[in-house]
Each structure stands twice: as C-alpha cells, then as structure tokens.
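model.cif, holding mmCIF, C-alpha atoms and all ligand atoms:
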```cif
data_structure
#
loop_
_atom_site.label_atom_id
_atom_site.label_comp_id
_atom_site.auth_asym_id
_atom_site.auth_seq_id
_atom_site.Cartn_x
_atom_site.Cartn_y
_atom_site.Cartn_z
CA MET H 1 106.23 153.40 108.17
CA PRO H 2 106.35 157.17 107.46
CA SER H 3 106.00 157.91 103.73
CA SER H 4 109.39 159.71 103.74
CA LEU H 5 111.05 156.42 104.71
CA ALA H 6 109.16 154.39 102.14
CA LYS H 7 110.55 156.65 99.40
CA ARG H 8 114.17 155.96 100.34
CA LYS H 9 116.13 153.40 98.32
CA ARG H 10 116.83 150.33 100.39
CA LEU H 11 120.15 148.52 100.29
CA ILE H 12 120.68 145.29 102.22
CA VAL H 13 124.22 144.92 103.57
CA GLY H 14 125.34 141.47 104.71
CA ILE H 15 128.57 141.35 106.71
CA THR H 16 130.12 137.90 106.96
CA GLY H 17 133.23 136.33 108.45
CA ALA H 18 135.75 136.88 105.65
CA SER H 19 138.64 139.22 106.32
CA GLY H 20 137.90 142.86 105.45
CA SER H 21 135.27 144.23 107.85
CA LEU H 22 136.75 147.65 107.09
CA TYR H 23 135.11 147.55 103.64
CA ALA H 24 131.69 147.19 105.30
CA VAL H 25 132.36 150.01 107.74
CA ARG H 26 133.50 152.41 104.99
CA LEU H 27 130.54 151.47 102.80
CA LEU H 28 128.01 152.11 105.57
CA GLN H 29 129.76 155.35 106.51
CA ALA H 30 129.72 156.51 102.87
CA LEU H 31 125.99 155.80 102.57
CA ARG H 32 125.28 157.95 105.61
CA SER H 33 126.00 161.01 103.49
CA HIS H 34 123.33 159.81 101.02
CA PRO H 35 120.05 160.28 102.92
CA GLU H 36 118.11 158.95 99.95
CA TRP H 37 119.51 155.49 100.79
CA GLU H 38 118.27 153.36 103.68
CA THR H 39 120.60 150.60 104.85
CA HIS H 40 119.44 147.25 106.24
CA VAL H 41 122.30 145.35 107.83
CA VAL H 42 122.78 141.73 108.89
CA VAL H 43 126.01 140.73 110.61
CA SER H 44 126.78 137.00 110.78
CA ASN H 45 128.33 135.53 113.93
CA ALA H 46 131.66 135.11 112.16
CA GLY H 47 131.31 138.63 110.74
CA ALA H 48 130.99 139.99 114.28
CA LEU H 49 134.00 137.94 115.38
CA ASN H 50 136.08 139.36 112.55
CA ALA H 51 135.04 142.97 113.13
CA GLN H 52 136.11 142.56 116.74
CA HIS H 53 139.41 140.98 115.69
CA GLU H 54 140.28 143.36 112.84
CA LEU H 55 138.78 146.66 114.00
CA SER H 56 138.06 146.16 117.72
CA MET H 57 134.47 146.96 116.80
CA SER H 58 131.47 145.31 118.44
CA LYS H 59 128.47 144.00 116.52
CA LYS H 60 126.38 146.79 118.09
CA GLU H 61 128.82 149.44 116.83
CA LEU H 62 128.66 147.97 113.32
CA GLU H 63 124.87 147.83 113.40
CA ALA H 64 124.70 151.44 114.60
CA LEU H 65 126.08 152.53 111.21
CA ALA H 66 122.93 151.25 109.49
CA ASP H 67 119.30 152.39 109.55
CA VAL H 68 117.91 148.94 110.34
CA ALA H 69 119.66 145.86 111.79
CA TYR H 70 118.52 142.23 111.90
CA ASP H 71 119.72 139.12 113.66
CA GLN H 72 121.13 136.53 111.23
CA ARG H 73 118.63 133.96 112.66
CA ASP H 74 115.61 136.24 112.06
CA ILE H 75 114.39 134.35 109.04
CA GLY H 76 110.97 136.03 109.34
CA ALA H 77 112.46 139.51 108.81
CA ALA H 78 111.14 141.86 106.11
CA ILE H 79 114.23 141.35 103.91
CA ALA H 80 113.52 137.59 103.77
CA SER H 81 110.60 138.33 101.42
CA GLY H 82 110.60 139.53 97.83
CA SER H 83 107.52 141.61 98.56
CA PHE H 84 109.74 143.93 100.60
CA VAL H 85 111.11 146.09 97.80
CA THR H 86 114.80 146.89 97.83
CA HIS H 87 117.34 148.17 95.32
CA GLY H 88 119.59 145.22 95.97
CA MET H 89 122.08 143.70 98.32
CA ILE H 90 125.80 143.68 98.91
CA VAL H 91 127.60 141.08 101.02
CA VAL H 92 130.78 142.75 102.19
CA PRO H 93 133.05 141.02 102.99
CA CYS H 94 131.65 137.72 101.69
CA SER H 95 133.08 134.45 103.00
CA MET H 96 133.45 131.35 100.85
CA LYS H 97 130.83 129.73 103.10
CA THR H 98 128.21 132.40 102.37
CA LEU H 99 129.20 132.37 98.68
CA ALA H 100 128.52 128.59 98.65
CA SER H 101 125.19 129.06 100.37
CA VAL H 102 124.11 131.74 97.87
CA ALA H 103 125.35 129.72 94.87
CA HIS H 104 123.23 126.75 95.96
CA ALA H 105 120.14 128.67 97.21
CA PHE H 106 120.74 127.06 100.60
CA ALA H 107 119.21 130.00 102.56
CA ASP H 108 120.53 128.75 105.90
CA ASN H 109 120.47 132.17 107.59
CA LEU H 110 119.03 135.64 106.92
CA ILE H 111 122.02 136.74 104.83
CA SER H 112 121.86 133.84 102.38
CA ARG H 113 118.03 133.92 102.36
CA ALA H 114 118.00 137.66 101.56
CA ALA H 115 120.55 137.07 98.78
CA ASP H 116 118.40 134.23 97.46
CA VAL H 117 115.42 136.59 97.36
CA ILE H 118 117.44 139.24 95.52
CA LEU H 119 118.41 136.71 92.84
CA LYS H 120 114.88 135.36 92.43
CA GLU H 121 113.51 138.91 92.11
CA ARG H 122 116.27 139.70 89.57
CA ARG H 123 117.60 142.57 91.66
CA ARG H 124 121.25 143.64 91.98
CA LEU H 125 123.42 141.35 94.12
CA VAL H 126 127.11 142.08 94.73
CA LEU H 127 129.32 139.64 96.64
CA VAL H 128 132.62 141.10 97.84
CA THR H 129 134.30 137.73 98.06
CA ARG H 130 137.60 137.52 99.91
CA GLU H 131 139.79 134.46 99.78
CA THR H 132 143.03 133.50 98.14
CA PRO H 133 144.06 131.23 96.55
CA LEU H 134 140.77 129.83 95.30
CA ASN H 135 139.83 126.16 95.08
CA LEU H 136 137.63 124.72 92.36
CA ALA H 137 134.49 124.88 94.53
CA HIS H 138 135.04 128.61 95.14
CA LEU H 139 135.47 129.22 91.41
CA ARG H 140 132.42 127.12 90.50
CA ASN H 141 130.31 128.89 93.11
CA MET H 142 131.40 132.28 91.73
CA THR H 143 130.46 131.10 88.24
CA ALA H 144 127.05 129.91 89.46
CA VAL H 145 126.29 133.26 91.12
CA THR H 146 127.44 135.10 87.99
CA GLU H 147 125.21 132.89 85.82
CA MET H 148 122.26 133.85 88.05
CA GLY H 149 122.98 137.55 87.51
CA GLY H 150 125.03 138.31 90.64
CA VAL H 151 128.25 140.30 90.57
CA ILE H 152 131.41 138.82 92.09
CA PHE H 153 133.56 141.70 93.32
CA PRO H 154 136.82 140.59 94.93
CA PRO H 155 138.19 143.75 96.61
CA VAL H 156 141.38 143.84 94.58
CA PRO H 157 143.42 146.96 95.47
CA ALA H 158 143.72 149.44 92.58
CA LEU H 159 147.51 149.77 92.73
CA TYR H 160 147.55 151.69 89.44
CA GLN H 161 146.31 154.66 91.46
CA ASN H 162 149.69 155.02 93.16
CA LYS H 163 148.02 155.43 96.55
CA THR H 164 149.90 154.32 99.60
CA SER H 165 147.45 154.14 102.48
CA ILE H 166 145.08 151.27 103.23
CA ASP H 167 142.32 153.87 103.64
CA ASP H 168 142.83 155.16 100.09
CA LEU H 169 142.75 151.66 98.64
CA VAL H 170 139.70 150.65 100.66
CA ASN H 171 137.84 153.87 99.81
CA HIS H 172 138.50 153.33 96.11
CA SER H 173 137.14 149.77 96.25
CA VAL H 174 134.09 150.92 98.24
CA GLY H 175 133.44 153.63 95.67
CA ARG H 176 133.54 151.05 92.90
CA MET H 177 131.12 148.82 94.86
CA LEU H 178 128.71 151.75 95.22
CA ASP H 179 129.08 152.52 91.50
CA LEU H 180 127.30 149.20 90.91
CA PHE H 181 124.21 150.59 92.69
CA GLY H 182 124.36 153.98 91.02
CA VAL H 183 125.44 155.80 94.20
CA GLU H 184 127.33 159.03 93.53
CA THR H 185 130.88 158.31 94.78
CA ASP H 186 133.17 160.93 93.34
CA GLY H 187 134.58 161.69 96.78
CA LEU H 188 135.84 158.11 97.02
CA VAL H 189 136.86 157.16 93.50
CA GLU H 190 139.57 158.92 91.60
CA ARG H 191 138.42 158.24 88.05
CA TRP H 192 140.87 157.13 85.44
CA SER H 193 141.06 159.53 82.55
CA GLY H 194 143.93 158.04 80.60
CA LEU H 195 147.68 157.75 81.14
CA SER H 196 148.47 161.16 79.69
CA ASN H 197 146.17 163.10 82.10
C1 LIG P 201 140.14 135.90 111.54
C2 LIG P 201 139.38 135.13 110.50
C3 LIG P 201 139.53 135.44 109.16
C4 LIG P 201 138.83 134.74 108.18
N1 LIG P 201 138.99 135.12 106.87
C5 LIG P 201 138.26 134.48 105.92
C6 LIG P 201 138.35 134.92 104.56
O1 LIG P 201 139.07 135.87 104.23
N2 LIG P 201 137.59 134.29 103.64
C7 LIG P 201 136.75 133.26 103.98
O2 LIG P 201 136.06 132.74 103.10
N3 LIG P 201 136.64 132.83 105.27
C8 LIG P 201 137.37 133.41 106.25
N4 LIG P 201 137.26 133.01 107.55
C9 LIG P 201 136.40 131.84 107.87
C10 LIG P 201 134.93 132.22 108.00
O3 LIG P 201 134.76 133.17 109.04
C11 LIG P 201 134.11 130.94 108.31
O4 LIG P 201 134.09 130.11 107.18
C12 LIG P 201 132.71 131.24 108.75
O5 LIG P 201 132.05 130.01 108.98
C13 LIG P 201 131.94 132.05 107.76
O6 LIG P 201 130.60 132.18 108.20
P1 LIG P 201 129.63 133.30 107.63
O7 LIG P 201 129.72 133.23 106.15
O8 LIG P 201 128.28 132.88 108.14
O9 LIG P 201 130.07 134.58 108.20
C14 LIG P 201 137.97 133.68 108.56
C15 LIG P 201 137.81 133.37 109.91
C16 LIG P 201 138.50 134.08 110.87
C17 LIG P 201 138.29 133.71 112.32
#
```
Reformat the file's structure so that it appears as structure tokens.
Ligand SMILES: Cc1cc2nc3c(=O)[nH]c(=O)nc-3n(C[C@H](O)[C@H](O)[C@H](O)COP(=O)(O)O)c2cc1C
Amino acid sequence: MPSSLAKRKRLIVGITGASGSLYAVRLLQALRSHPEWETHVVVSNAGALNAQHELSMSKKELEALADVAYDQRDIGAAIASGSFVTHGMIVVPCSMKTLASVAHAFADNLISRAADVILKERRRLVLVTRETPLNLAHLRNMTAVTEMGGVIFPPVPALYQNKTSIDDLVNHSVGRMLDLFGVETDGLVERWSGLSN
C-alpha cells in the first residue's frame, strides 16, 4: 500500500437492511470531501435490497462512493482483524438483526465481525439503529452494546431546527454522526447557540 494511503484515517461503514439507506449515501458523500479519511464499506444483502427499494441505487453504485468495498461473506477481509488499524466503524442504517449480532458477538458476517473487532480493540463503534417501536430484545441489545462502549445513534430528526426538507434533516443527522468521529461537519450541522440567537 502506498504510504500516502496508510496515513489516511480509516472508517468502516456497514450498510444493513434497515430503512434509511439515504443516511449511508450522505455520509459517504460527505467523507469524499475529507481526503484524509479512507472509507471501507460493506453492504449486506438486505442493505442492497433496501437501497434499491428506497433510492433505486444498486449495490455497485453504493460501493462506488467508498474507497474500498468488501463482500459481506468475505470473512477473511482486512477489516475482520484487529491488526488492521482503523479509527472506528459506523453501521448506517443498522437493522435490529445486525444490532442483535453485534450485542452477542455473533460475528455471522463481515459487518458483525468487523463491529466485534472494533469493540474488542476498544475503538469507536456507532450503530445508527432504525426501528420503531422497540421490543425488549431491541432495548436489551442496545444496552449491551452501550455497556461494551458502543454508541447507539437512532437517526431522530432534529425538528427543533425548523427545517422542512428530508435532505436538511438527513444532513443534520449525518453531521452529528460524523461529529462522533471528529470529522469537521460545519457544512452539514447548524449548531445550536441558544434560543435567543
Ligand atoms: C423495505 C424493508 C425495510 C426494512 N426496514 C427495517 C428497519 O427499519 N429496521 C429493521 O431492523 N429491519 C428492517 N427490515 C428488515 C431487515 O432488512 C431484515 O431483518 C434483514 O434480515 C436484516 O439483515 P442485515 O442486518 O444483514 O442487513 C426491513 C426490510 C425491508 C425489506
């Protein structure tokens, strides 16, 4: 690998079959204007199905937004090992199935294995979980991931911003996700400075 690539900060992006593929697309697009970040994407089968359904986007088109793409069955991939240094991982959107797999260290595909590695290496893991209402298993799994150091980030729209378009609301949430990795996001997030301002 060229030394210039090795110096880039690596972020693993898992895209699973929960509703909200648009969050993943916006996040990958936003990171393209940050050349210091290198994105490693894994799209699950259900994630690909959803992107097609919600955005008419193929798996190939999604993967083209990232620097590196892996098949979800490629359990021998670099990101399946803790020795491959990354700055963390975001699963966006994150299904309740993948949440369960991560919460129980089940590692049944490359997304849940990579998340397992992130937790064992004590790196940053953010799960953009999308489901409502939640059953007790969902809540317990979220608690388990939180107890292990992961961040549960349901993409709740920031209605206090008085924005009207879906794009505005999605961009704000994506900016807040990137905040958790220290990515400069002032173009996406309108920062609250108090009611009087
Ligand atoms: C159109 C569509 C929307 C879905 N939305 C959700 C969702 O919002 N949250 C969720 O947990 N599962 C949702 N599912 C179900 C998941 O896709 C399913 O549980 C799948 O097995 C998840 O696999 P994955 O985590 O490997 O992607 C949806 C499925 C479809 C077809």
Practice problem: Could you tell me, counting all atoms listed in the file, which protein and nucleic acid residues lie no more than 12 Å from ligand LIG 201 (chain P), written as a ChimeraX atom specification? | Solution: /H:14-21,42-55,71-73,91-102,107-113,127-135,137-138,154-155
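With CA of Lys120 (chain H) on one side and CA of Ala144 (chain H) on the other, the separation reads 13.7 Å.
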Kindly compute an axis-aligned box around the listed atoms of region 10-16 of chain H, allowing 4 Å on each side, and express its centre and edge lengths in Å to one decimal as AutoDock Vina command-line options.
```
--center_x 123.5 --center_y 144.1 --center_z 103.6 --size_x 21.3 --size_y 20.4 --size_z 14.7
```
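Each of H:Ile90, H:Val145, H:Val156, H:Leu27 was compared to Leu11 (chain H) using all atoms listed in the file, and H:Ile90 turns out to be the nearest.
You can rank H:Ala30, H:Ala69, H:Glu38, H:Ala158 by their closest distance to Val85 (chain H) using only C-alpha atoms, and at the top of that list sits H:Glu38.
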Practice problem: Give me, please, the distance in Å between CA of Tyr160 (chain H) and CA of Leu139 (chain H), quoted to one decimal. | Solution: 25.6 Å
Quiz prompt | Given all atoms listed in the file as the counted atoms, nearest of H:Ser193, H:Ser173, H:Val183, H:Val41 to Arg26 (chain H) | solution = H:Ser173
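Counting only C-alpha atoms, the residue from H:Ser33, H:Asn141, H:Thr86, H:Asn171 that sits nearest to Ala66 (chain H) is H:Ser33.
Of the listed residues (H:Leu178, H:Val126, H:Ile152, H:Leu169), H:Leu178 comes nearest to Trp37 (chain H); the distances count all atoms listed in the file.
Between Ala77 (chain H) and the residues H:Ser196, H:Ala105, H:Glu61, H:His40, the shortest atom-to-atom distance, using all atoms listed in the file, involves H:His40.
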Quiz item: How many Å separate CA of Val174 (chain H) from CA of Ile118 (chain H)?
Solution: 20.5 Å
Is it possible to produce a file of region 127-142 of chain H from this structure, with N, CA and C atoms, as a compact mmCIF listing (two decimals), in the first residue's frame?
```txt
# COMPACT_ATOMS: atom_id res chain seq x y z
N LEU H 127 -23.76 2.69 16.03
CA LEU H 127 -24.83 1.95 15.34
C LEU H 127 -26.02 2.87 15.15
N VAL H 128 -26.33 3.16 13.88
CA VAL H 128 -27.46 4.03 13.57
C VAL H 128 -28.70 3.13 13.43
N THR H 129 -29.21 2.76 14.59
CA THR H 129 -30.30 1.79 14.65
C THR H 129 -31.61 2.42 14.23
N ARG H 130 -32.37 1.69 13.40
CA ARG H 130 -33.65 2.23 12.94
C ARG H 130 -34.74 1.17 13.06
N GLU H 131 -35.59 1.39 14.03
CA GLU H 131 -36.79 0.58 14.19
C GLU H 131 -37.70 1.30 15.17
N THR H 132 -38.99 1.13 15.01
CA THR H 132 -39.91 1.68 15.99
C THR H 132 -41.26 1.00 15.85
N PRO H 133 -41.98 0.70 16.94
CA PRO H 133 -41.50 0.78 18.31
C PRO H 133 -40.48 -0.33 18.59
N LEU H 134 -39.90 -0.28 19.78
CA LEU H 134 -38.84 -1.23 20.11
C LEU H 134 -39.35 -2.31 21.06
N ASN H 135 -38.96 -3.56 20.82
CA ASN H 135 -39.32 -4.60 21.79
C ASN H 135 -38.20 -4.72 22.83
N LEU H 136 -38.44 -5.58 23.80
CA LEU H 136 -37.48 -5.67 24.92
C LEU H 136 -36.12 -6.18 24.45
N ALA H 137 -36.12 -7.09 23.48
CA ALA H 137 -34.83 -7.59 22.96
C ALA H 137 -34.03 -6.46 22.31
N HIS H 138 -34.72 -5.61 21.53
CA HIS H 138 -34.02 -4.47 20.91
C HIS H 138 -33.37 -3.60 21.99
N LEU H 139 -34.18 -3.29 23.02
CA LEU H 139 -33.69 -2.40 24.08
C LEU H 139 -32.53 -3.04 24.83
N ARG H 140 -32.65 -4.34 25.11
CA ARG H 140 -31.56 -5.03 25.83
C ARG H 140 -30.30 -5.08 24.98
N ASN H 141 -30.48 -5.30 23.69
CA ASN H 141 -29.30 -5.35 22.80
C ASN H 141 -28.62 -3.98 22.73
N MET H 142 -29.43 -2.92 22.71
CA MET H 142 -28.85 -1.57 22.70
C MET H 142 -28.08 -1.32 23.99
```
